[in-house]
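Novice: Pasting in a structure now, in structure tokens, and then I'll have a few things to ask.
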Amino acid sequence: MTLTQFFSALIFCTFSAYISFCDAKTRLIPLFPLYAGIILLIIFYTVSFFTRFIDLNYFASHIIAALLSLSLFTLVYLAKKEALGLGDVKYSVFCGLFAGLPEAFIGFFLSCLLAFTYILAFSSSKRKKIPFAPFLFAGTIIPILVKNLLNRYYIK
């Protein structure tokens, strides 16, 4: 894990833990920490790019992932508003910005799988609303951790 990856993970995990906790408690995603985290990551990536800590491919991968996740989650929100909240759409941008391509979309698939498993295992009603931010958080972090573990121990 590079220093850039470490600091971006620190920013993401700090803000995401608070956002996930609030969503689990109140079913609302607090916008101030969400926007602060997004702005902080954008500033961090921009400074890292101009100081040559990251290259253009890395920078573009994260920006494109954020824009694609915004598009994808907005389509889901517009298609079925009761399935997803607008806060989840905004939080997906933060997740995409942190993870980059293709990890963001692996994470989104994993998030849906985790949420579906949770509904099957713990929900008495299939129509019950659940907070999605904790699943997005877990689904975004898991592919990053697995990739780093594989790079460290198996791919030399």
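Ligands are numbered from 1 in the order shown, residues from 1 within each chain, and chains are lettered A, B, ... in the order they appear in the structure tokens.
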Counting only C-alpha atoms, which residues of region 79-152 of chain A sit at most 10 Å from some atom of region 57-74 of chain A, and what is each one's closest atom pair with its distance in Å to one decimal, listed by chain and rising residue number, as CSV?
Specialist:
residue,atom,partner,partner_atom,distance
A:Ala79,CA,A:Thr74,CA,8.4
A:Lys80,CA,A:Thr74,CA,9.9
A:Lys81,CA,A:Thr74,CA,9.7
A:Leu84,CA,A:Phe73,CA,8.3
A:Gly85,CA,A:Phe73,CA,9.5
A:Leu86,CA,A:Thr74,CA,8.1
A:Asp88,CA,A:Phe73,CA,7.9
A:Val89,CA,A:Phe73,CA,5.3
A:Lys90,CA,A:Leu70,CA,7.1
A:Tyr91,CA,A:Leu70,CA,8.9
A:Ser92,CA,A:Ser69,CA,6.0
A:Val93,CA,A:Ala66,CA,4.6
A:Phe94,CA,A:Ala66,CA,6.8
A:Cys95,CA,A:Ala66,CA,7.3
A:Gly96,CA,A:Ala66,CA,4.3
A:Leu97,CA,A:Ala66,CA,4.6
A:Phe98,CA,A:His62,CA,6.5
A:Ala99,CA,A:His62,CA,6.6
A:Gly100,CA,A:His62,CA,3.9
A:Leu101,CA,A:Ser61,CA,5.4
A:Pro102,CA,A:Ala65,CA,7.8
A:Glu103,CA,A:Ala65,CA,8.9
A:Ala104,CA,A:Ala65,CA,6.6
A:Phe105,CA,A:Ser69,CA,7.9
A:Phe108,CA,A:Ser69,CA,8.7
Novice: At what distance in Å, to one decimal, does CA of Tyr45 (chain A) lie from CA of Ser8 (chain A)?
Specialist: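 Calculated distance between CA of Ser8 (chain A) and CA of Tyr45 (chain A) is 8.2 Å.
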Novice: Residues of region 1-148 of chain A classed as helix (DSSP H, G or I) by DSSP on the backbone are to be reported as JSON, numbers by chain.
Specialist: {"A": [3, 4, 5, 6, 7, 8, 9, 10, 11, 12, 13, 14, 15, 16, 17, 18, 19, 20, 21, 22, 23, 24, 25, 26, 31, 32, 33, 34, 35, 36, 37, 38, 39, 40, 41, 42, 43, 44, 45, 46, 47, 48, 49, 50, 56, 57, 58, 59, 60, 61, 62, 63, 64, 65, 66, 67, 68, 69, 70, 71, 72, 73, 74, 75, 76, 77, 78, 79, 86, 87, 88, 89, 90, 91, 92, 93, 94, 95, 96, 97, 98, 99, 103, 104, 105, 106, 107, 108, 109, 110, 111, 112, 113, 114, 115, 116, 117, 118, 119, 120, 121, 122, 133, 134, 135, 136, 137, 138, 139, 140, 141, 142, 143, 144, 145, 146, 147, 148]}
Novice: Which neighbours of region 9-26 of chain A fall inside 12 Å, counting only C-alpha atoms, when residues of the same chain fewer than 5 positions from it are skipped, and could you give them as a PyMOL selection string?
Specialist: chain A and resi 1-4+31-45+85+87-88+90-100+129-142+144-145+148
Novice: Quick one: pull the distance between CA of Leu56 (chain A) and CA of Leu149 (chain A), Å, one decimal.
Specialist: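 These atoms are spaced 24.3 Å apart.
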